[in-house]
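Structure file structure_28.csv (CSV, C-alpha atoms and all ligand atoms) follows.
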```csv
chain,number,residue,atom,x,y,z
O,110,MET,CA,106.4,-0.2,148.6
O,111,LEU,CA,106.2,3.0,146.5
O,112,GLY,CA,102.6,2.0,145.5
O,113,ARG,CA,101.6,1.7,149.1
O,114,ALA,CA,103.2,5.1,149.9
O,115,VAL,CA,101.3,6.7,147.0
O,116,LEU,CA,98.0,5.2,148.3
O,117,LEU,CA,98.7,6.4,151.8
O,118,LEU,CA,99.6,9.8,150.4
O,119,PHE,CA,96.4,9.9,148.4
O,120,LEU,CA,94.3,8.8,151.4
O,121,ALA,CA,96.0,11.3,153.7
O,122,LEU,CA,95.4,14.1,151.2
O,123,THR,CA,91.8,13.1,150.8
O,124,LEU,CA,91.1,12.6,154.4
O,125,ASN,CA,93.1,15.5,155.7
O,126,PRO,CA,92.3,18.9,154.1
O,127,LEU,CA,94.4,20.6,156.8
O,128,VAL,CA,97.6,19.4,155.2
O,129,ASN,CA,97.1,22.6,153.1
O,130,ALA,CA,97.0,24.9,156.1
O,131,GLN,CA,100.8,25.0,156.6
O,132,GLU,CA,102.2,28.5,155.9
O,133,VAL,CA,105.6,30.1,155.8
O,134,ARG,CA,106.6,33.7,156.6
O,135,ILE,CA,109.3,34.9,154.2
O,136,GLY,CA,111.0,38.3,154.1
O,137,VAL,CA,111.6,39.2,150.4
O,138,LEU,CA,113.7,41.5,148.2
O,139,GLY,CA,116.2,42.4,151.0
O,140,LEU,CA,118.9,41.9,148.4
O,141,PHE,CA,117.7,45.1,146.7
O,142,HIS,CA,117.8,47.2,150.0
O,143,PRO,CA,114.6,48.9,149.0
O,144,ARG,CA,113.8,52.4,150.3
O,145,GLU,CA,110.7,52.4,148.2
O,146,VAL,CA,108.4,49.8,146.9
O,147,LYS,CA,105.2,49.9,144.8
O,148,LEU,CA,102.3,47.4,145.3
O,149,ARG,CA,99.6,46.5,142.8
O,150,ALA,CA,97.1,43.7,142.2
O,151,SER,CA,98.4,41.0,139.8
O,152,GLY,CA,95.6,38.5,139.8
O,153,LYS,CA,91.8,38.6,139.3
O,154,GLU,CA,91.0,39.6,142.9
O,155,ALA,CA,91.3,43.0,144.6
O,156,VAL,CA,94.1,43.5,147.1
O,157,VAL,CA,92.8,45.1,150.3
O,158,ILE,CA,95.3,47.2,152.2
O,159,HIS,CA,94.8,47.8,155.9
O,160,ALA,CA,96.8,50.9,156.9
O,161,ALA,CA,96.5,53.6,159.5
O,162,GLY,CA,93.1,52.2,160.7
O,163,GLN,CA,91.7,52.5,157.2
O,164,THR,CA,91.1,50.3,154.2
O,165,PHE,CA,92.3,50.9,150.6
O,166,VAL,CA,91.5,48.7,147.6
O,167,LEU,CA,93.8,47.9,144.7
O,168,GLU,CA,91.4,46.7,142.0
O,169,PRO,CA,92.6,44.1,139.6
O,170,ASP,CA,93.5,45.4,136.1
O,171,SER,CA,93.4,49.0,137.3
O,172,HIS,CA,97.1,49.6,137.1
O,173,VAL,CA,96.8,51.7,140.3
O,174,ALA,CA,99.7,51.2,142.6
O,175,ALA,CA,100.2,52.0,146.2
O,176,SER,CA,103.6,53.5,147.1
O,177,LEU,CA,105.6,52.8,150.2
O,178,HIS,CA,108.7,54.8,151.2
O,179,VAL,CA,111.0,54.9,154.2
O,180,SER,CA,110.9,58.2,155.9
O,181,ASN,CA,112.5,58.8,159.3
O,182,ASN,CA,112.4,55.1,160.0
O,183,GLU,CA,108.6,55.0,159.5
O,184,LEU,CA,106.6,53.9,156.5
O,185,LEU,CA,105.2,56.6,154.3
O,186,PHE,CA,102.1,55.2,152.5
O,187,GLU,CA,100.9,57.0,149.4
O,188,PHE,CA,97.7,56.0,147.7
O,189,GLY,CA,96.1,58.4,145.2
O,190,SER,CA,96.0,61.7,147.0
O,191,HIS,CA,96.3,60.1,150.5
O,192,VAL,CA,99.6,60.1,152.4
O,193,PHE,CA,100.0,58.4,155.8
O,194,ARG,CA,102.8,57.6,158.2
O,195,MET,CA,102.7,54.3,160.0
O,196,ALA,CA,104.8,51.6,161.6
O,197,GLU,CA,103.4,48.8,159.4
O,198,LEU,CA,100.9,47.9,156.7
O,199,ARG,CA,99.0,44.7,155.9
O,200,ALA,CA,97.4,43.5,152.6
O,201,ALA,CA,95.3,40.5,151.8
O,202,ALA,CA,92.2,39.4,149.8
O,203,ARG,CA,88.8,40.7,150.7
O,204,ASN,CA,88.2,37.6,152.8
O,205,ASN,CA,91.6,38.1,154.5
O,206,GLY,CA,92.9,35.1,152.6
O,207,ASP,CA,95.8,34.9,150.1
O,208,VAL,CA,95.9,37.2,147.1
O,209,SER,CA,98.2,37.8,144.1
O,210,PHE,CA,100.1,41.0,144.0
O,211,LEU,CA,103.2,42.5,142.3
O,212,ILE,CA,105.9,44.3,144.3
O,213,THR,CA,108.2,46.6,142.4
O,214,VAL,CA,111.5,48.1,143.7
O,215,PRO,CA,111.7,51.0,141.2
O,216,GLY,CA,114.5,50.7,138.8
O,217,LYS,CA,115.6,47.3,140.2
O,218,VAL,CA,113.0,44.4,140.1
O,219,ALA,CA,109.4,43.5,140.0
O,220,ARG,CA,108.1,40.2,141.4
O,221,ALA,CA,104.7,38.6,141.6
O,222,TYR,CA,103.8,36.8,144.8
O,223,ARG,CA,100.7,35.1,146.3
O,224,GLY,CA,99.9,35.2,150.0
O,225,ARG,CA,99.2,37.9,152.6
O,226,LEU,CA,101.6,40.8,152.9
O,227,GLU,CA,103.0,42.8,155.8
O,228,VAL,CA,105.3,45.7,155.2
O,229,LYS,CA,107.6,47.1,158.0
O,230,VAL,CA,110.7,49.2,158.2
O,231,ALA,CA,114.0,47.9,159.5
O,232,TYR,CA,117.5,49.5,159.3
O,233,GLY,CA,116.1,52.3,157.0
O,234,GLU,CA,114.7,49.8,154.5
O,235,VAL,CA,111.3,48.7,153.5
O,236,VAL,CA,110.8,45.1,154.5
O,237,PRO,CA,108.0,43.2,152.7
O,238,ILE,CA,107.0,40.0,154.5
O,239,ILE,CA,104.8,37.4,152.8
O,240,THR,CA,102.9,34.7,154.6
O,241,MET,CA,102.5,32.1,151.8
O,242,ASP,CA,101.1,28.7,151.5
O,243,LEU,CA,103.9,26.1,152.2
O,244,GLU,CA,103.5,24.4,148.8
O,245,THR,CA,103.7,27.7,147.0
O,246,ALA,CA,106.9,28.5,148.9
O,247,VAL,CA,108.3,25.1,148.1
O,248,ALA,CA,107.6,25.4,144.3
O,249,SER,CA,109.1,28.9,144.3
O,250,ALA,CA,112.3,27.6,146.1
O,251,VAL,CA,112.6,24.6,143.8
O,252,ALA,CA,112.3,26.9,140.7
O,253,ALA,CA,114.9,29.3,142.1
O,254,GLU,CA,117.4,26.8,143.5
O,255,SER,CA,117.5,24.2,140.6
O,256,ASP,CA,118.8,24.1,137.1
O,257,SER,CA,116.0,24.2,134.6
O,258,ASP,CA,117.4,21.1,132.9
O,259,ALA,CA,117.3,18.9,136.1
O,260,SER,CA,115.3,15.7,135.8
O,261,LEU,CA,111.9,15.4,137.6
O,262,GLU,CA,113.2,13.0,140.3
O,263,ALA,CA,116.0,15.4,141.2
O,264,LEU,CA,113.5,18.2,141.4
O,265,LYS,CA,111.3,16.1,143.6
O,266,ALA,CA,114.2,15.4,146.0
O,267,GLN,CA,114.9,19.2,146.0
O,268,ALA,CA,111.1,19.8,146.8
O,269,VAL,CA,111.2,17.4,149.8
O,270,VAL,CA,114.4,19.1,151.0
O,271,ALA,CA,112.9,22.6,150.5
O,272,ARG,CA,109.7,21.7,152.3
O,273,SER,CA,111.5,20.1,155.2
O,274,TYR,CA,113.7,23.1,155.6
O,275,PHE,CA,110.6,25.4,155.7
O,276,ILE,CA,108.9,23.2,158.3
O,277,ALA,CA,111.8,22.5,160.6
O,278,GLY,CA,114.1,25.5,160.1
O,279,ARG,CA,111.8,28.4,161.2
O,280,GLY,CA,112.9,31.4,163.1
O,281,ARG,CA,116.1,32.3,161.2
O,282,HIS,CA,115.3,36.0,161.3
O,283,HIS,CA,113.9,38.4,163.8
O,284,ASP,CA,110.8,39.7,161.9
O,285,PHE,CA,110.1,36.6,159.8
O,286,ASP,CA,111.2,33.0,159.5
O,287,PHE,CA,113.2,32.9,156.3
O,288,CYS,CA,114.7,35.4,153.8
O,289,ASP,CA,114.7,34.8,150.1
O,290,LEU,CA,118.5,34.5,149.7
O,291,THR,CA,120.9,31.6,149.9
O,292,HIS,CA,121.3,32.4,153.6
O,293,CYS,CA,118.0,30.6,154.0
O,294,GLN,CA,116.6,29.3,150.7
O,295,PHE,CA,116.8,31.2,147.4
O,296,LEU,CA,113.2,32.1,146.4
O,297,ARG,CA,111.7,34.1,143.5
O,298,GLU,CA,108.2,34.1,141.9
O,299,PRO,CA,106.0,31.0,142.1
O,300,PRO,CA,106.6,29.0,138.9
O,301,ALA,CA,104.0,28.3,136.2
O,302,GLN,CA,101.6,25.4,137.1
O,303,ASP,CA,103.0,23.3,134.2
O,304,SER,CA,106.7,23.9,135.0
O,305,SER,CA,108.8,21.0,136.2
O,306,ALA,CA,109.4,22.7,139.6
O,307,ALA,CA,105.6,22.9,140.1
O,308,VAL,CA,105.0,19.3,139.0
O,309,ALA,CA,107.8,18.1,141.4
O,310,THR,CA,106.2,20.0,144.2
O,311,ARG,CA,102.7,18.6,143.5
O,312,GLU,CA,104.1,15.0,143.2
O,313,THR,CA,105.7,15.2,146.7
O,314,HIS,CA,102.9,17.3,148.3
O,315,GLY,CA,103.3,17.3,152.1
O,316,ILE,CA,106.3,14.9,152.1
O,317,VAL,CA,109.2,15.8,154.5
O,318,LEU,CA,112.5,14.3,155.4
O,319,SER,CA,112.7,13.0,159.0
O,320,TYR,CA,115.4,11.7,161.3
O,321,GLU,CA,114.1,9.7,164.3
O,322,GLU,CA,110.6,10.5,163.2
O,323,LYS,CA,111.0,14.2,163.4
O,324,PRO,CA,111.3,16.5,160.3
O,325,PHE,CA,114.6,18.3,160.2
O,326,ALA,CA,116.0,21.2,158.1
O,327,PRO,CA,118.2,19.5,155.5
O,328,MET,CA,121.2,21.3,154.0
O,329,PHE,CA,122.1,21.1,150.3
O,330,SER,CA,124.7,22.6,148.0
O,331,ARG,CA,125.4,22.9,144.3
O,332,SER,CA,128.2,20.3,144.1
O,333,CYS,CA,130.2,18.4,146.6
O,334,GLY,CA,133.5,17.8,145.0
O,335,GLY,CA,133.4,13.9,145.4
O,336,HIS,CA,132.3,13.4,149.0
O,337,THR,CA,129.7,15.3,150.9
O,338,ARG,CA,131.0,17.0,154.1
O,339,THR,CA,129.9,17.0,157.7
O,340,PRO,CA,129.1,20.2,159.5
O,341,ALA,CA,132.1,19.5,161.9
O,342,GLU,CA,134.5,19.3,158.9
O,343,SER,CA,133.3,22.8,157.9
O,344,GLY,CA,133.5,24.3,161.4
O,345,LEU,CA,129.7,24.4,161.7
O,346,PRO,CA,127.7,23.5,164.8
O,347,GLY,CA,126.0,20.1,164.9
O,348,SER,CA,122.3,19.8,164.1
O,349,ALA,CA,119.2,17.7,164.7
O,350,TYR,CA,120.5,15.4,162.0
O,351,PRO,CA,124.0,13.9,162.2
O,352,TYR,CA,125.2,14.4,158.6
O,353,PHE,CA,127.5,11.8,157.1
O,354,SER,CA,130.2,12.1,154.5
O,355,VAL,CA,128.9,10.1,151.6
O,356,LEU,CA,130.6,9.3,148.3
O,357,CYS,CA,129.0,11.2,145.4
O,358,GLU,CA,129.9,9.1,142.4
O,359,PHE,CA,129.3,11.7,139.7
O,360,CYS,CA,131.3,14.5,141.4
O,361,TYR,CA,134.0,12.0,142.4
O,362,LYS,CA,134.5,11.0,138.7
O,363,SER,CA,134.2,14.4,137.3
O,364,PRO,CA,134.4,17.1,140.0
O,365,PHE,CA,133.6,20.7,139.3
O,366,ARG,CA,137.1,22.3,139.5
O,367,TRP,CA,138.0,25.9,140.3
O,368,THR,CA,141.1,28.0,140.8
O,369,ARG,CA,141.3,31.3,142.7
O,370,ARG,CA,144.0,33.8,143.8
O,371,LEU,CA,143.5,35.5,147.2
O,372,SER,CA,145.5,37.9,149.4
O,373,LEU,CA,147.2,36.2,152.3
O,374,GLU,CA,144.9,38.1,154.6
O,375,ASP,CA,141.7,36.8,152.9
O,376,SER,CA,143.1,33.3,152.7
O,377,ALA,CA,143.8,33.2,156.4
O,378,LEU,CA,140.1,33.7,157.0
O,379,LEU,CA,139.4,30.4,155.3
O,380,GLU,CA,141.0,28.5,158.3
O,381,LYS,CA,137.7,29.1,160.1
O,382,GLY,CA,135.9,26.8,157.6
O,383,GLU,CA,132.5,27.7,156.2
O,384,SER,CA,132.1,30.9,158.3
O,385,GLY,CA,135.5,32.1,156.9
O,386,ARG,CA,134.5,31.2,153.4
O,387,LEU,CA,131.3,33.2,153.7
O,388,ALA,CA,133.2,36.2,155.2
O,389,VAL,CA,135.5,36.2,152.2
O,390,ASP,CA,132.5,35.9,149.8
O,391,ARG,CA,130.9,38.9,151.6
O,392,ARG,CA,134.1,40.9,151.1
O,393,LEU,CA,134.9,39.9,147.5
O,394,GLY,CA,131.6,38.9,146.1
O,395,TRP,CA,129.6,35.8,145.7
O,396,ASN,CA,131.6,32.7,144.6
O,397,ALA,CA,135.0,34.3,145.5
O,398,VAL,CA,135.8,31.0,147.1
O,399,PRO,CA,133.4,28.4,145.7
O,400,SER,CA,133.8,25.7,148.4
O,401,ASN,CA,135.9,24.5,151.4
O,402,THR,CA,137.5,21.6,149.5
O,403,PHE,CA,140.8,23.0,148.1
O,404,ARG,CA,144.6,22.9,148.3
O,405,SER,CA,146.5,26.1,148.6
O,406,ARG,CA,150.1,27.3,147.9
O,407,GLN,CA,151.7,30.7,148.3
O,408,ASP,CA,152.8,32.6,145.3
O,409,GLY,CA,154.5,35.9,146.4
O,410,GLU,CA,151.9,38.0,148.2
O,411,GLU,CA,149.0,35.8,147.1
O,412,MET,CA,147.7,32.3,147.8
O,413,ILE,CA,146.6,30.1,144.9
O,414,LEU,CA,143.7,27.9,145.7
O,415,GLU,CA,142.8,24.9,143.6
O,416,GLY,CA,139.5,23.3,144.7
O,417,THR,CA,136.5,21.2,143.8
O,418,GLY,CA,132.8,21.6,144.4
O,419,GLN,CA,130.5,24.6,144.9
O,420,GLY,CA,128.9,25.5,148.2
O,421,HIS,CA,129.4,24.0,151.7
O,422,GLY,CA,129.0,20.5,150.3
O,423,ILE,CA,126.8,19.3,153.2
O,424,GLY,CA,123.7,17.1,152.7
O,425,LEU,CA,122.2,16.9,149.2
O,426,CYS,CA,124.5,17.5,146.3
O,427,GLN,CA,122.4,19.0,143.5
O,428,ARG,CA,124.8,18.0,140.8
O,429,GLY,CA,125.0,14.4,142.1
O,430,ALA,CA,121.3,14.3,142.5
O,431,LYS,CA,120.8,15.3,138.9
O,432,ALA,CA,123.2,12.6,137.7
O,433,MET,CA,121.4,10.0,139.8
O,434,ALA,CA,118.0,11.0,138.4
O,435,ASP,CA,119.4,11.0,134.8
O,436,GLU,CA,120.4,7.4,135.4
O,437,GLY,CA,116.9,6.4,136.6
O,438,GLY,CA,117.2,7.1,140.3
O,439,THR,CA,114.0,8.0,142.2
O,440,PHE,CA,113.7,10.9,144.6
O,441,ARG,CA,113.6,8.4,147.5
O,442,GLU,CA,116.9,6.8,146.3
O,443,ILE,CA,118.5,10.2,146.0
O,444,LEU,CA,117.4,11.3,149.5
O,445,ASP,CA,118.4,7.9,151.0
O,446,HIS,CA,121.9,8.3,149.4
O,447,TYR,CA,122.6,11.8,150.6
O,448,PHE,CA,120.8,11.6,154.0
O,449,PRO,CA,121.5,8.1,155.4
O,450,ASN,CA,119.3,6.8,158.2
O,451,THR,CA,116.4,9.2,157.4
O,452,SER,CA,112.8,8.4,156.4
O,453,LEU,CA,110.0,10.3,154.7
O,454,MET,CA,106.9,11.5,156.5
O,455,LEU,CA,103.7,13.1,155.4
O,456,LEU,CA,102.7,16.4,157.1
O,457,GLY,CA,99.4,16.3,158.8
O,458,ASP,CA,97.4,18.9,160.7
O,459,ARG,CA,99.2,18.3,163.9
O,460,VAL,CA,101.9,15.7,163.4
O,461,ALA,CA,103.8,14.3,160.5
O,462,SER,CA,103.3,10.5,160.0
O,463,PRO,CA,105.6,7.9,158.5
O,464,ILE,CA,104.7,6.9,154.9
O,465,ASP,CA,106.7,3.8,154.7
Z,501,ZN,ZN,117.9,34.1,155.8
Z,502,ZN,ZN,128.4,15.7,144.4
```
Using structure tokens, write down the structure from this file.
Amino acid sequence: MLGRAVLLLFLALTLNPLVNAQEVRIGVLGLFHPREVKLRASGKEAVVIHAAGQTFVLEPDSHVAASLHVSNNELLFEFGSHVFRMAELRAAARNNGDVSFLITVPGKVARAYRGRLEVKVAYGEVVPIITMDLETAVASAVAAESDSDASLEALKAQAVVARSYFIAGRGRHHDFDFCDLTHCQFLREPPAQDSSAAVATRETHGIVLSYEEKPFAPMFSRSCGGHTRTPAESGLPGSAYPYFSVLCEFCYKSPFRWTRRLSLEDSALLEKGESGRLAVDRRLGWNAVPSNTFRSRQDGEEMILEGTGQGHGIGLCQRGAKAMADEGGTFREILDHYFPNTSLMLLGDRVASPID
């Protein structure tokens, strides 16, 4: 069956070049609240900037950078001796296609990307938005979301999940489809071509997870604590796919355990389920309450929480997937286990088609 799927996949890729045409719009670097960014070419091609009705070129290897600041809720663009005010700026290759560039938030971070860039201002911050090839986005998300020691089949399962999310979960933000944080999918630079994240992405090229023949945006978390959860159990709305609580053998036998102390006020927020947990994390910092699976008892003015798992625990469990892959499980078996009643489909130019 797998052989047939591979053949169909091969045929579809050969006969359907448009499978490559899928793109994703991602807002990046919001974590750093940039009021200034610098842009330079990072590949072998020039980066052509379209701003204020003019064109400016960042030549490769020239080390010349364009600078973008927020000033009075507009973008201030500085290039050499030129300074312009504008609402937004665009950059791409000479042929208007994808190009490689480096964005630096001075003193904080520098990241290389490939795609076409738009820069806007929102809430007093510079907002870089990158339209990137779907497969580049998938590889970047797999690299950022997975442990480097995960086996290839687990990474392939993660790649299918990441791709499906990008295809079916669009529109999560006002100015772009996805952010680069765990709110959507964690995403950094594209990984090296020979990295396991890139290999896992290539080996599942165009494959998405579907329910009733429609791709859906699958959820995943770091570890489930023994059983995966349903959105209803976590106080979350239903979705296109009815999640099931499935036994996760590895987490069941050796759950990731944690203990936390919280104020009575903070712990009361947790009664709301996942939204309460995220509210506490926003107040106290990431991982303040690792999951929704816990027992609590009062100790004076504090609550002691003893729990298992990391993350919302819905859908794919990354820890369990890694264990299944280590024991010889394939990415299909992993996805079948955590997403019962689903099938795999191959993206085409207009519709996704079954590959089974
Ligand atoms: Zn987001
Ligand atoms: Zn698990």
Would you name the residues within 9 Å of ligand ZN 502 (chain Z), counting only C-alpha atoms and all ligand atoms, and put them as a VMD selection string? chain O and resid 330 to 337 356 to 361 364 to 365 418 422 425 to 430
For a test of reading the model, state the distance in Å between atom CA of Asp435 of chain O and atom CA of Phe329 of chain O, rounded to one decimal. 18.7 Å
May I have the residues within 9 Å of ligand ZN 501 (chain Z), computed using only C-alpha atoms and all ligand atoms, as a ChimeraX atom specification? /O:135-136,281-282,286-295
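Atom CA of His446 of chain O lies 11.5 Å from atom CA of Tyr352 of chain O.
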Report the distance between atom CA of His283 of chain O and atom CA of Arg199 of chain O in Å, rounded to one decimal place. 18.0 Å
So, counting only C-alpha atoms, which residue among O:Leu345, O:Leu453, O:Ala161, O:Leu140 is closest to Phe325 of chain O? O:Leu453
Tell me, as a list in words, which residues lie within 12 Å of Ala377 of chain O, counting all atoms listed in the file; anything in the same chain fewer than 2 positions away does not count.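 Skipping anything fewer than 2 positions along the chain leaves Leu371, Ser372, Leu373, Glu374, Asp375, Leu379, Glu380, Lys381, Gly382, Gly385, Arg386, Ala388, Val389, Ser405, Gln407, Glu411, Met412 and Leu414 of chain O.
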Find the residues near Phe193 of chain O: any atom within 12 Å, counting all atoms listed in the file, skip ones fewer than 6 places away on the same chain, and give them as an NGL selection string. :O and (159-163 or 165 or 175-180 or 183-187)
Please provide the set of residues having any atom within 9 Å of Leu148 of chain O, restricted to all atoms listed in the file, with same-chain residues fewer than 6 positions apart removed, written as a CSV table (one decimal) with C-alpha atoms, keeping the file's coordinate frame.
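Written output follows (around.csv):
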```
chain,number,residue,atom,x,y,z
O,167,LEU,CA,93.8,47.9,144.7
O,173,VAL,CA,96.8,51.7,140.3
O,174,ALA,CA,99.7,51.2,142.6
O,175,ALA,CA,100.2,52.0,146.2
O,176,SER,CA,103.6,53.5,147.1
O,177,LEU,CA,105.6,52.8,150.2
O,210,PHE,CA,100.1,41.0,144.0
O,211,LEU,CA,103.2,42.5,142.3
O,212,ILE,CA,105.9,44.3,144.3
O,213,THR,CA,108.2,46.6,142.4
```
List every protein, DNA or RNA residue with an atom no more than 9 Å from (115.8, 23.9, 140.5) in the file's coordinates, counting all atoms listed in the file, and format the result as a ChimeraX atom specification. /O:250-259,263-264,267-268,305-306,427
Calculated over all atoms listed in the file, which of the candidates O:Glu322, O:Asp445, O:Glu145, O:Glu132 has the smallest distance to Gly424 of chain O?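 Smallest distance to Gly424 of chain O is found for O:Asp445.
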Hey, which of O:Gly233, O:Val208, O:Leu296, O:Gly457 ends up closest to His314 of chain O? Count only C-alpha atoms.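 Among the listed residues, O:Gly457 lies closest to His314 of chain O.
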Residue with the minimum atom-to-atom distance to Val247 of chain O, picked from O:Ser273, O:Ser452, O:Ser304, O:Ser260 with only C-alpha atoms counted, is O:Ser273
Hey, what's within 10 Å of Tyr320 of chain O if we count all atoms listed in the file and toss same-chain stuff fewer than 5 positions away? As number ranges by chain, please? O: 325, 349-351, 448-454
Best match for closeness to Arg279 of chain O among O:Arg134, O:Ile239, O:Asp303, O:Arg225, counting all atoms listed in the file: O:Arg134
Could you tell me which of O:Gly409, O:Gly216, O:Pro327, O:Gly438 comes closest to Phe275 of chain O if we count only C-alpha atoms?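 Closest to Phe275 of chain O, using only C-alpha atoms: O:Pro327.
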